[in-house]
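Undergrad: Contents of data35.pdb (PDB, C-alpha atoms, pLDDT in the B column) are given next:
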```pdb
ATOM      1  CA  MET A   1      84.422  85.829  93.071  1.00 96.00           C
ATOM      2  CA  ARG A   2      83.502  89.049  91.307  1.00 97.00           C
ATOM      3  CA  ILE A   3      86.765  90.730  90.313  1.00 98.00           C
ATOM      4  CA  GLY A   4      87.429  94.127  88.788  1.00 98.00           C
ATOM      5  CA  VAL A   5      90.564  94.805  86.760  1.00 98.00           C
ATOM      6  CA  LEU A   6      91.606  98.422  86.269  1.00 98.00           C
ATOM      7  CA  GLY A   7      94.127  98.451  83.438  1.00 96.00           C
ATOM      8  CA  THR A   8      94.436  96.858  80.017  1.00 96.00           C
ATOM      9  CA  GLY A   9      98.144  95.936  79.923  1.00 94.00           C
ATOM     10  CA  ASN A  10      99.801  92.532  79.799  1.00 96.00           C
ATOM     11  CA  LEU A  11      99.758  91.801  83.533  1.00 96.00           C
ATOM     12  CA  GLY A  12      96.102  92.718  84.009  1.00 97.00           C
ATOM     13  CA  VAL A  13      95.132  90.606  81.004  1.00 97.00           C
ATOM     14  CA  ALA A  14      97.203  87.607  82.142  1.00 97.00           C
ATOM     15  CA  LEU A  15      95.863  87.628  85.704  1.00 98.00           C
ATOM     16  CA  GLY A  16      92.314  88.357  84.571  1.00 98.00           C
ATOM     17  CA  ALA A  17      92.460  85.392  82.182  1.00 98.00           C
ATOM     18  CA  ALA A  18      93.852  83.147  84.932  1.00 97.00           C
ATOM     19  CA  TRP A  19      90.998  84.121  87.229  1.00 98.00           C
ATOM     20  CA  THR A  20      88.434  83.577  84.478  1.00 98.00           C
ATOM     21  CA  ARG A  21      89.824  80.080  83.942  1.00 97.00           C
ATOM     22  CA  ALA A  22      89.401  79.510  87.682  1.00 97.00           C
ATOM     23  CA  GLY A  23      85.704  80.344  87.378  1.00 97.00           C
ATOM     24  CA  HIS A  24      85.645  83.955  88.586  1.00 98.00           C
ATOM     25  CA  GLU A  25      83.664  86.770  86.990  1.00 98.00           C
ATOM     26  CA  VAL A  26      85.995  89.480  85.681  1.00 98.00           C
ATOM     27  CA  LEU A  27      85.137  93.026  84.613  1.00 98.00           C
ATOM     28  CA  VAL A  28      87.874  95.120  83.004  1.00 98.00           C
ATOM     29  CA  ALA A  29      88.167  98.867  82.538  1.00 97.00           C
ATOM     30  CA  GLY A  30      90.804 101.276  81.287  1.00 95.00           C
ATOM     31  CA  ARG A  31      91.303 104.827  80.182  1.00 93.00           C
ATOM     32  CA  SER A  32      90.467 103.697  76.635  1.00 93.00           C
ATOM     33  CA  ALA A  33      87.152 101.934  76.033  1.00 94.00           C
ATOM     34  CA  GLU A  34      88.576 100.384  72.865  1.00 95.00           C
ATOM     35  CA  ARG A  35      91.542  98.862  74.710  1.00 96.00           C
ATOM     36  CA  ALA A  36      89.242  97.660  77.478  1.00 97.00           C
ATOM     37  CA  GLU A  37      87.140  95.804  74.895  1.00 97.00           C
ATOM     38  CA  ALA A  38      90.261  94.147  73.468  1.00 97.00           C
ATOM     39  CA  ALA A  39      91.511  93.184  76.930  1.00 97.00           C
ATOM     40  CA  ALA A  40      88.113  91.797  77.936  1.00 97.00           C
ATOM     41  CA  GLU A  41      88.070  89.614  74.836  1.00 97.00           C
ATOM     42  CA  GLN A  42      91.460  88.126  75.777  1.00 96.00           C
ATOM     43  CA  ILE A  43      90.426  87.664  79.401  1.00 97.00           C
ATOM     44  CA  GLY A  44      87.027  86.172  78.678  1.00 96.00           C
ATOM     45  CA  GLY A  45      85.394  88.888  80.754  1.00 97.00           C
ATOM     46  CA  ARG A  46      83.409  92.018  80.068  1.00 97.00           C
ATOM     47  CA  ALA A  47      84.521  95.595  79.390  1.00 98.00           C
ATOM     48  CA  VAL A  48      82.865  98.337  81.428  1.00 98.00           C
ATOM     49  CA  ALA A  49      83.519 101.903  82.566  1.00 97.00           C
ATOM     50  CA  PRO A  50      85.988 102.303  85.480  1.00 97.00           C
ATOM     51  CA  ARG A  51      83.279 103.097  88.027  1.00 96.00           C
ATOM     52  CA  ASP A  52      81.325 100.016  86.965  1.00 97.00           C
ATOM     53  CA  ALA A  53      84.430  97.826  87.253  1.00 96.00           C
ATOM     54  CA  VAL A  54      84.698  98.558  90.986  1.00 96.00           C
ATOM     55  CA  ARG A  55      80.993  98.343  91.876  1.00 95.00           C
ATOM     56  CA  ASP A  56      79.987  95.289  93.978  1.00 95.00           C
ATOM     57  CA  ARG A  57      83.358  93.594  93.516  1.00 96.00           C
ATOM     58  CA  ASP A  58      84.920  91.049  95.895  1.00 98.00           C
ATOM     59  CA  ALA A  59      88.433  92.109  94.863  1.00 98.00           C
ATOM     60  CA  LEU A  60      90.096  94.649  92.580  1.00 98.00           C
ATOM     61  CA  LEU A  61      93.368  94.711  90.661  1.00 98.00           C
ATOM     62  CA  VAL A  62      94.837  98.044  89.556  1.00 97.00           C
ATOM     63  CA  ALA A  63      97.448  97.145  86.946  1.00 95.00           C
ATOM     64  CA  VAL A  64      98.723 100.319  85.305  1.00 95.00           C
ATOM     65  CA  THR A  65     102.076 102.091  85.301  1.00 90.00           C
ATOM     66  CA  TRP A  66     102.771 103.704  88.656  1.00 89.00           C
ATOM     67  CA  THR A  67     102.578 107.192  87.161  1.00 90.00           C
ATOM     68  CA  GLY A  68      99.081 106.385  85.879  1.00 93.00           C
ATOM     69  CA  LEU A  69      97.745 105.174  89.227  1.00 95.00           C
ATOM     70  CA  PRO A  70      96.248 108.487  90.442  1.00 96.00           C
ATOM     71  CA  GLU A  71      94.280 109.020  87.235  1.00 96.00           C
ATOM     72  CA  MET A  72      93.053 105.424  87.031  1.00 97.00           C
ATOM     73  CA  LEU A  73      91.880 105.480  90.636  1.00 97.00           C
ATOM     74  CA  ARG A  74      90.259 108.867  90.110  1.00 97.00           C
ATOM     75  CA  LEU A  75      88.326 107.546  87.106  1.00 97.00           C
ATOM     76  CA  ALA A  76      87.075 104.728  89.327  1.00 97.00           C
ATOM     77  CA  GLY A  77      85.923 107.264  91.935  1.00 97.00           C
ATOM     78  CA  ALA A  78      88.345 105.996  94.567  1.00 96.00           C
ATOM     79  CA  HIS A  79      88.685 109.458  96.129  1.00 95.00           C
ATOM     80  CA  GLU A  80      84.953 109.338  96.821  1.00 96.00           C
ATOM     81  CA  GLY A  81      85.241 106.035  98.697  1.00 95.00           C
ATOM     82  CA  THR A  82      84.020 103.717  95.924  1.00 95.00           C
ATOM     83  CA  LEU A  83      86.737 101.191  96.837  1.00 96.00           C
ATOM     84  CA  ALA A  84      86.162 101.299 100.601  1.00 97.00           C
ATOM     85  CA  GLY A  85      86.189  97.883 102.235  1.00 97.00           C
ATOM     86  CA  VAL A  86      87.375  96.052  99.112  1.00 97.00           C
ATOM     87  CA  PRO A  87      90.691  94.147  98.765  1.00 98.00           C
ATOM     88  CA  LEU A  88      92.707  96.243  96.295  1.00 98.00           C
ATOM     89  CA  ILE A  89      95.717  94.514  94.742  1.00 98.00           C
ATOM     90  CA  ASP A  90      98.658  96.754  93.803  1.00 98.00           C
ATOM     91  CA  PRO A  91     101.259  95.021  91.558  1.00 97.00           C
ATOM     92  CA  THR A  92     103.079  98.181  90.433  1.00 92.00           C
ATOM     93  CA  ASN A  93     106.787  98.956  90.634  1.00 89.00           C
ATOM     94  CA  ALA A  94     107.570 102.639  91.178  1.00 85.00           C
ATOM     95  CA  VAL A  95     111.167 102.270  90.053  1.00 78.00           C
ATOM     96  CA  GLU A  96     113.422 103.755  87.405  1.00 75.00           C
ATOM     97  CA  HIS A  97     113.292 101.672  84.244  1.00 74.00           C
ATOM     98  CA  GLY A  98     116.436  99.622  83.756  1.00 72.00           C
ATOM     99  CA  VAL A  99     117.922 100.812  87.058  1.00 73.00           C
ATOM    100  CA  GLY A 100     115.414  99.777  89.688  1.00 76.00           C
ATOM    101  CA  GLU A 101     115.767 102.692  92.101  1.00 77.00           C
ATOM    102  CA  LEU A 102     112.597 103.544  94.035  1.00 77.00           C
ATOM    103  CA  LEU A 103     111.192 106.805  92.691  1.00 79.00           C
ATOM    104  CA  THR A 104     108.435 107.813  95.115  1.00 83.00           C
ATOM    105  CA  SER A 105     109.243 111.339  96.251  1.00 78.00           C
ATOM    106  CA  ASP A 106     108.806 110.673  99.973  1.00 85.00           C
ATOM    107  CA  GLY A 107     110.438 107.248 100.049  1.00 81.00           C
ATOM    108  CA  ARG A 108     107.227 105.459 100.956  1.00 89.00           C
ATOM    109  CA  ALA A 109     106.034 102.437  99.010  1.00 92.00           C
ATOM    110  CA  ILE A 110     103.753 103.179  96.071  1.00 94.00           C
ATOM    111  CA  ALA A 111     101.284 100.809  97.754  1.00 96.00           C
ATOM    112  CA  GLU A 112     101.043 103.240 100.672  1.00 96.00           C
ATOM    113  CA  HIS A 113     100.254 106.042  98.228  1.00 95.00           C
ATOM    114  CA  VAL A 114      97.548 103.842  96.686  1.00 97.00           C
ATOM    115  CA  ALA A 115      96.012 103.548 100.159  1.00 97.00           C
ATOM    116  CA  ASP A 116      95.966 107.356 100.348  1.00 96.00           C
ATOM    117  CA  TRP A 117      94.359 107.689  96.900  1.00 97.00           C
ATOM    118  CA  ALA A 118      91.733 105.017  97.660  1.00 97.00           C
ATOM    119  CA  PRO A 119      90.514 105.800 101.189  1.00 97.00           C
ATOM    120  CA  GLY A 120      89.014 102.810 102.941  1.00 97.00           C
ATOM    121  CA  ALA A 121      90.334 100.228 100.464  1.00 98.00           C
ATOM    122  CA  HIS A 122      92.221  97.255 101.904  1.00 98.00           C
ATOM    123  CA  VAL A 123      95.405  97.559  99.832  1.00 98.00           C
ATOM    124  CA  VAL A 124      97.516  94.431  99.349  1.00 98.00           C
ATOM    125  CA  LYS A 125     100.898  94.519  97.616  1.00 98.00           C
ATOM    126  CA  ALA A 126     101.215  91.419  95.434  1.00 98.00           C
ATOM    127  CA  PHE A 127     102.101  90.117  91.942  1.00 97.00           C
ATOM    128  CA  HIS A 128     104.833  92.742  91.375  1.00 94.00           C
ATOM    129  CA  LEU A 129     107.835  90.442  90.898  1.00 92.00           C
ATOM    130  CA  PHE A 130     106.833  88.237  87.959  1.00 92.00           C
ATOM    131  CA  PRO A 131     106.066  89.134  84.340  1.00 90.00           C
ATOM    132  CA  ALA A 132     102.728  88.418  82.726  1.00 94.00           C
ATOM    133  CA  GLU A 133     104.095  85.247  81.126  1.00 94.00           C
ATOM    134  CA  GLN A 134     104.298  83.617  84.566  1.00 95.00           C
ATOM    135  CA  TRP A 135     100.500  83.444  84.744  1.00 95.00           C
ATOM    136  CA  GLN A 136     100.005  81.506  81.517  1.00 92.00           C
ATOM    137  CA  PRO A 137      98.750  77.905  81.714  1.00 90.00           C
ATOM    138  CA  GLY A 138     101.521  75.404  82.376  1.00 87.00           C
ATOM    139  CA  SER A 139     103.898  77.780  84.137  1.00 88.00           C
ATOM    140  CA  GLY A 140     105.597  76.403  87.228  1.00 84.00           C
ATOM    141  CA  PRO A 141     104.467  77.435  90.726  1.00 87.00           C
ATOM    142  CA  VAL A 142     106.115  80.449  92.354  1.00 94.00           C
ATOM    143  CA  ALA A 143     105.871  82.127  95.748  1.00 95.00           C
ATOM    144  CA  VAL A 144     103.962  85.411  95.648  1.00 97.00           C
ATOM    145  CA  THR A 145     104.972  87.667  98.522  1.00 96.00           C
ATOM    146  CA  MET A 146     102.269  89.968  99.856  1.00 97.00           C
ATOM    147  CA  ALA A 147     101.935  92.806 102.353  1.00 98.00           C
ATOM    148  CA  GLY A 148      98.730  94.273 103.746  1.00 98.00           C
ATOM    149  CA  ASP A 149      97.009  95.400 106.915  1.00 98.00           C
ATOM    150  CA  ASP A 150      93.673  93.582 106.689  1.00 98.00           C
ATOM    151  CA  PRO A 151      93.739  89.809 107.405  1.00 97.00           C
ATOM    152  CA  ALA A 152      90.513  89.139 105.494  1.00 98.00           C
ATOM    153  CA  ALA A 153      91.857  90.982 102.432  1.00 98.00           C
ATOM    154  CA  LEU A 154      95.090  88.989 102.620  1.00 98.00           C
ATOM    155  CA  ASP A 155      93.040  85.786 102.655  1.00 98.00           C
ATOM    156  CA  VAL A 156      91.055  86.886  99.588  1.00 98.00           C
ATOM    157  CA  VAL A 157      94.198  87.838  97.670  1.00 98.00           C
ATOM    158  CA  GLY A 158      95.875  84.621  98.812  1.00 98.00           C
ATOM    159  CA  GLU A 159      93.024  82.659  97.239  1.00 98.00           C
ATOM    160  CA  LEU A 160      93.457  84.585  93.995  1.00 98.00           C
ATOM    161  CA  VAL A 161      97.197  83.894  94.079  1.00 97.00           C
ATOM    162  CA  ARG A 162      96.480  80.176  94.332  1.00 97.00           C
ATOM    163  CA  ASP A 163      93.909  80.395  91.535  1.00 97.00           C
ATOM    164  CA  ALA A 164      96.551  82.004  89.314  1.00 97.00           C
ATOM    165  CA  GLY A 165      99.009  79.192  90.082  1.00 95.00           C
ATOM    166  CA  GLY A 166     101.102  80.752  92.857  1.00 96.00           C
ATOM    167  CA  ASP A 167     101.758  80.128  96.540  1.00 96.00           C
ATOM    168  CA  PRO A 168     100.873  83.138  98.746  1.00 97.00           C
ATOM    169  CA  VAL A 169     103.402  84.233 101.363  1.00 96.00           C
ATOM    170  CA  VAL A 170     102.524  87.119 103.690  1.00 96.00           C
ATOM    171  CA  LEU A 171     105.537  89.270 104.563  1.00 94.00           C
ATOM    172  CA  GLY A 172     103.705  91.568 106.976  1.00 96.00           C
ATOM    173  CA  PRO A 173     101.655  94.788 107.131  1.00 97.00           C
ATOM    174  CA  LEU A 174     101.457  97.322 104.331  1.00 97.00           C
ATOM    175  CA  ARG A 175     104.363  99.338 105.753  1.00 95.00           C
ATOM    176  CA  ARG A 176     106.589  96.455 104.616  1.00 95.00           C
ATOM    177  CA  ALA A 177     105.489  96.903 101.009  1.00 95.00           C
ATOM    178  CA  ARG A 178     108.520  99.136 100.550  1.00 92.00           C
ATOM    179  CA  GLN A 179     110.740  96.087 101.110  1.00 91.00           C
ATOM    180  CA  LEU A 180     108.849  94.204  98.417  1.00 93.00           C
ATOM    181  CA  GLU A 181     109.153  97.117  96.015  1.00 92.00           C
ATOM    182  CA  GLU A 182     112.879  97.443  96.734  1.00 90.00           C
ATOM    183  CA  VAL A 183     113.226  93.740  95.911  1.00 90.00           C
ATOM    184  CA  GLY A 184     111.463  94.475  92.626  1.00 88.00           C
ATOM    185  CA  GLY A 185     114.002  97.204  91.973  1.00 86.00           C
ATOM    186  CA  PHE A 186     116.844  94.833  92.840  1.00 86.00           C
ATOM    187  CA  VAL A 187     115.542  92.237  90.378  1.00 88.00           C
ATOM    188  CA  ILE A 188     115.147  94.837  87.630  1.00 86.00           C
ATOM    189  CA  GLY A 189     118.643  96.205  88.242  1.00 85.00           C
ATOM    190  CA  MET A 190     120.198  92.723  88.123  1.00 86.00           C
ATOM    191  CA  VAL A 191     118.371  91.777  84.933  1.00 88.00           C
ATOM    192  CA  PHE A 192     119.365  94.953  83.099  1.00 86.00           C
ATOM    193  CA  ALA A 193     122.950  94.415  84.251  1.00 87.00           C
ATOM    194  CA  GLY A 194     122.853  91.015  82.535  1.00 93.00           C
ATOM    195  CA  HIS A 195     122.675  88.820  85.628  1.00 91.00           C
ATOM    196  CA  ASP A 196     120.163  86.262  86.849  1.00 91.00           C
ATOM    197  CA  PRO A 197     118.853  87.569  90.213  1.00 88.00           C
ATOM    198  CA  HIS A 198     118.687  84.005  91.522  1.00 86.00           C
ATOM    199  CA  THR A 199     122.484  83.835  91.477  1.00 89.00           C
ATOM    200  CA  ALA A 200     122.675  86.627  94.079  1.00 88.00           C
ATOM    201  CA  LEU A 201     120.424  84.832  96.584  1.00 86.00           C
ATOM    202  CA  PRO A 202     121.433  81.934  98.861  1.00 86.00           C
ATOM    203  CA  ALA A 203     119.957  78.536  98.076  1.00 82.00           C
ATOM    204  CA  LEU A 204     118.858  76.945 101.351  1.00 79.00           C
ATOM    205  CA  PRO A 205     118.317  73.199 101.796  1.00 84.00           C
ATOM    206  CA  PRO A 206     114.728  72.177 102.652  1.00 81.00           C
ATOM    207  CA  GLU A 207     115.694  70.884 106.101  1.00 82.00           C
ATOM    208  CA  LEU A 208     117.188  74.259 107.059  1.00 78.00           C
ATOM    209  CA  LEU A 209     114.101  76.073 105.806  1.00 73.00           C
ATOM    210  CA  ALA A 210     111.900  73.782 107.904  1.00 79.00           C
ATOM    211  CA  ASP A 211     114.058  74.393 110.973  1.00 78.00           C
ATOM    212  CA  LEU A 212     114.018  78.166 110.531  1.00 75.00           C
ATOM    213  CA  SER A 213     110.257  78.151 109.994  1.00 74.00           C
ATOM    214  CA  ALA A 214     109.770  76.175 113.220  1.00 79.00           C
ATOM    215  CA  ARG A 215     111.793  78.793 115.105  1.00 77.00           C
ATOM    216  CA  ARG A 216     109.868  81.713 113.626  1.00 71.00           C
ATOM    217  CA  PRO A 217     109.255  84.426 116.260  1.00 68.00           C
ATOM    218  CA  PRO A 218     105.625  84.591 117.471  1.00 61.00           C
ATOM    219  CA  SER A 219     105.290  88.146 116.120  1.00 57.00           C
ATOM    220  CA  ALA A 220     106.363  87.160 112.594  1.00 56.00           C
ATOM    221  CA  PRO A 221     103.585  86.654 110.023  1.00 57.00           C
ATOM    222  CA  ALA A 222     102.877  83.120 108.869  1.00 53.00           C
ATOM    223  CA  SER A 223     102.390  82.407 105.205  1.00 52.00           C
ATOM    224  CA  ARG A 224      99.010  81.084 104.165  1.00 50.00           C
ATOM    225  CA  ALA A 225      99.307  77.371 103.496  1.00 40.00           C
ATOM    226  CA  PRO A 226      98.221  76.285 100.027  1.00 41.00           C
ATOM    227  CA  ARG A 227      94.906  74.508  99.893  1.00 43.00           C
ATOM    228  CA  ALA A 228      94.763  70.810  99.265  1.00 35.00           C
TER     229      ALA A 228
END
```
Represent the structure from my file as structure tokens, please.
TA:
Amino acid sequence: MRIGVLGTGNLGVALGAAWTRAGHEVLVAGRSAERAEAAAEQIGGRAVAPRDAVRDRDALLVAVTWTGLPEMLRLAGAHEGTLAGVPLIDPTNAVEHGVGELLTSDGRAIAEHVADWAPGAHVVKAFHLFPAEQWQPGSGPVAVTMAGDDPAALDVVGELVRDAGGDPVVLGPLRRARQLEEVGGFVIGMVFAGHDPHTALPALPPELLADLSARRPPSAPASRAPRA
């Protein structure tokens, strides 16, 4: 695939490098051309201007702080429709640092705001729960929960999740991204309080999980099965 990465931070670099190792072509752009060059060198991709990073791409990742999202998308021309029809991955957490409380002024998920700022883009919430270190070679597999409205975009992002070493699980449409972001806030709050978030979640035996999955309501989304 041809992938664009908007952002030069740790997560964008880690995922971009994982996708390069999987054989994808990665272009990276940021607000600083110098930082984009450094990130591209780590990724094994190529640094370009923001508008070039989104041109003719099969998927896009916007990996900047949530307060920097409007400017980054503006630099890419998103308000003009340059991202229309493209799967746009949003891994940001719009939460108070160290506390985890959702900070969007209207209570909507930041992913829903991204959809407003990038008209026509197929926004998918994903990759927001794990640090960049998770996507290094040799890391164990993890489930990557996703939310989005376009089935084809979810399939594309699911493939990129697998290529990065994760197992894609679709929670539902983009309106459920708020739940995913609240979970991110919960994890952040637990960690800064000195607790392992896993200790606050029930551990279910495999046979119970299989039984519950078999009794899943018809309206509930099914996770994409990992490829053989």
Undergrad: Residue by residue, what does the PyMOL selection byres ((chain A and resi 5) around 8) grab here? Present the result as a list in words.
TA: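 Expected selection for the PyMOL selection byres ((chain A and resi 5) around 8) here is Ile3, Gly4, Leu6, Gly7, Gly12, Gly16, Val26, Leu27, Val28, Ala29, Ala53, Leu60, Leu61, Val62 and Ala63 of chain A.
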Undergrad: Write out as JSON, numbers by chain the residues lying within 7 Å of A:Gly148, counting all atoms listed in the file and excluding same-chain residues fewer than 3 positions away.
TA: {"A": [123, 124, 125, 154, 172, 173, 174]}
Undergrad: Apply the PyMOL selection byres ((chain A and resi 116-119) around 9) to the file shown and report the selected residues as a list in words.
TA: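 Matching residues under the PyMOL selection byres ((chain A and resi 116-119) around 9) are Leu69, Pro70, Leu73, Arg74, Gly77, Ala78, His79, Glu80, Gly81, Thr82, Leu83, Ala84, Leu88, Ala111, Glu112, His113, Val114, Ala115, Gly120, Ala121, His122 and Val123 of chain A.
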Undergrad: My list of candidates is A:Arg21, A:Val64, A:Glu96, A:Thr104. Which is closest to A:Phe192 when distances are computed with all atoms listed in the file?
TA: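 Closest residue, counting all atoms listed in the file: A:Glu96.
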Undergrad: Could you list the residues chosen by the PyMOL selection byres ((chain A and resi 133) around 10) in this structure as JSON, numbers by chain?
TA: {"A": [10, 11, 14, 15, 130, 131, 132, 134, 135, 136, 137, 139]}
Undergrad: List as a tab-separated table (two decimals) with C-alpha atoms, in the frame of the given file the protein and nucleic acid residues near A:Gly166, meaning an atom at most 6 Å away when only C-alpha atoms are counted, but skip any in the same chain fewer than 5 places from it.
TA:
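Heads up, here's the output in result-v4.tsv:
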```
chain	number	residue	atom	x	y	z
A	141	PRO	CA	104.47	77.44	90.73
A	142	VAL	CA	106.12	80.45	92.35
A	143	ALA	CA	105.87	82.13	95.75
A	161	VAL	CA	97.20	83.89	94.08
```
Undergrad: Go ahead and compute the interatomic distance for atom CA of A:Ala22 and atom CA of A:Leu171, in Å to one decimal.
TA: 25.3 Å
Undergrad: Of the candidates A:Arg162, A:His195, A:Arg215, A:His24, which shows the shortest atom-to-atom distance to A:Gly44, using all atoms listed in the file?
TA: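 Comparing A:Arg162, A:His195, A:Arg215, A:His24 against A:Gly44, the winner is A:His24.
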Undergrad: I'd like the contact shell of A:Gly98 - 12 Å cut-off, only C-alpha atoms, skipping same-chain residues fewer than 2 positions apart - returned as a list in words.
TA: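 Here the qualifying residues turn out to be Asn93, Ala94, Val95, Glu96, Gly100, Glu101, Leu102, Gly184, Gly185, Phe186, Val187, Ile188, Gly189, Met190, Val191, Phe192, Ala193 and Gly194 of chain A.
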Undergrad: Can you measure atom CA of A:Glu25 to atom CA of A:Arg2 for me? One decimal in Å is fine.
TA: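 Between atom CA of A:Glu25 and atom CA of A:Arg2 the gap is 4.9 Å.
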Undergrad: From the set A:Glu71, A:Asp211, A:Arg108, A:Arg57, which residue has the shortest atom-to-atom contact distance to A:Arg175, counting all atoms listed in the file?
TA: A:Arg108
Undergrad: Between atom CA of A:Asp167 and atom CA of A:Gly140, what is the spacing in Å?
TA: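 Computing it gives 10.7 Å between the two atoms.
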Undergrad: Name the residues in contact with stretch 31-36 of chain A at a cut-off of 9 Å, using only C-alpha atoms, excluding same-chain residues fewer than 2 positions from it; report them as a list in words.
TA: Leu6, Gly7, Thr8, Gly9, Val28, Ala29, Ala38, Ala39, Ala40, Glu41, Arg46, Ala47, Val48, Ala49, Pro50, Glu71, Met72 and Leu75 of chain A
Undergrad: For A:Val144, which of A:Gly107, A:Pro168, A:Gly23, A:Gly68 is the closest residue, counting all atoms listed in the file?
TA: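 Counting all atoms listed in the file, the residue closest to A:Val144 is A:Pro168.
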Undergrad: Kindly add N, CA and C atoms to the incomplete stretch 170-182 of chain A and provide the output as a tab-separated table (two decimals), in the frame of the given file.
TA:
```
chain	number	residue	atom	x	y	z
A	170	VAL	N	102.75	85.80	103.11
A	170	VAL	CA	102.52	87.12	103.69
A	170	VAL	C	103.79	87.59	104.40
A	171	LEU	N	104.34	88.71	103.93
A	171	LEU	CA	105.54	89.27	104.56
A	171	LEU	C	105.18	90.03	105.83
A	172	GLY	N	104.08	90.77	105.82
A	172	GLY	CA	103.70	91.57	106.98
A	172	GLY	C	102.73	92.66	106.59
A	173	PRO	N	102.60	93.70	107.41
A	173	PRO	CA	101.66	94.79	107.13
A	173	PRO	C	102.08	95.62	105.93
A	174	LEU	N	101.21	96.54	105.54
A	174	LEU	CA	101.46	97.32	104.33
A	174	LEU	C	102.73	98.16	104.42
A	175	ARG	N	103.14	98.55	105.63
A	175	ARG	CA	104.36	99.34	105.75
A	175	ARG	C	105.58	98.57	105.23
A	176	ARG	N	105.48	97.25	105.14
A	176	ARG	CA	106.59	96.46	104.62
A	176	ARG	C	106.54	96.32	103.10
A	177	ALA	N	105.55	96.94	102.47
A	177	ALA	CA	105.49	96.90	101.01
A	177	ALA	C	106.72	97.55	100.40
A	178	ARG	N	107.31	98.51	101.10
A	178	ARG	CA	108.52	99.14	100.55
A	178	ARG	C	109.61	98.09	100.34
A	179	GLN	N	109.74	97.14	101.28
A	179	GLN	CA	110.74	96.09	101.11
A	179	GLN	C	110.47	95.29	99.84
A	180	LEU	N	109.19	94.97	99.61
A	180	LEU	CA	108.85	94.20	98.42
A	180	LEU	C	109.16	95.00	97.15
A	181	GLU	N	108.88	96.29	97.19
A	181	GLU	CA	109.15	97.12	96.02
A	181	GLU	C	110.66	97.30	95.79
A	182	GLU	N	111.42	97.36	96.88
A	182	GLU	CA	112.88	97.44	96.73
A	182	GLU	C	113.42	96.14	96.14
```
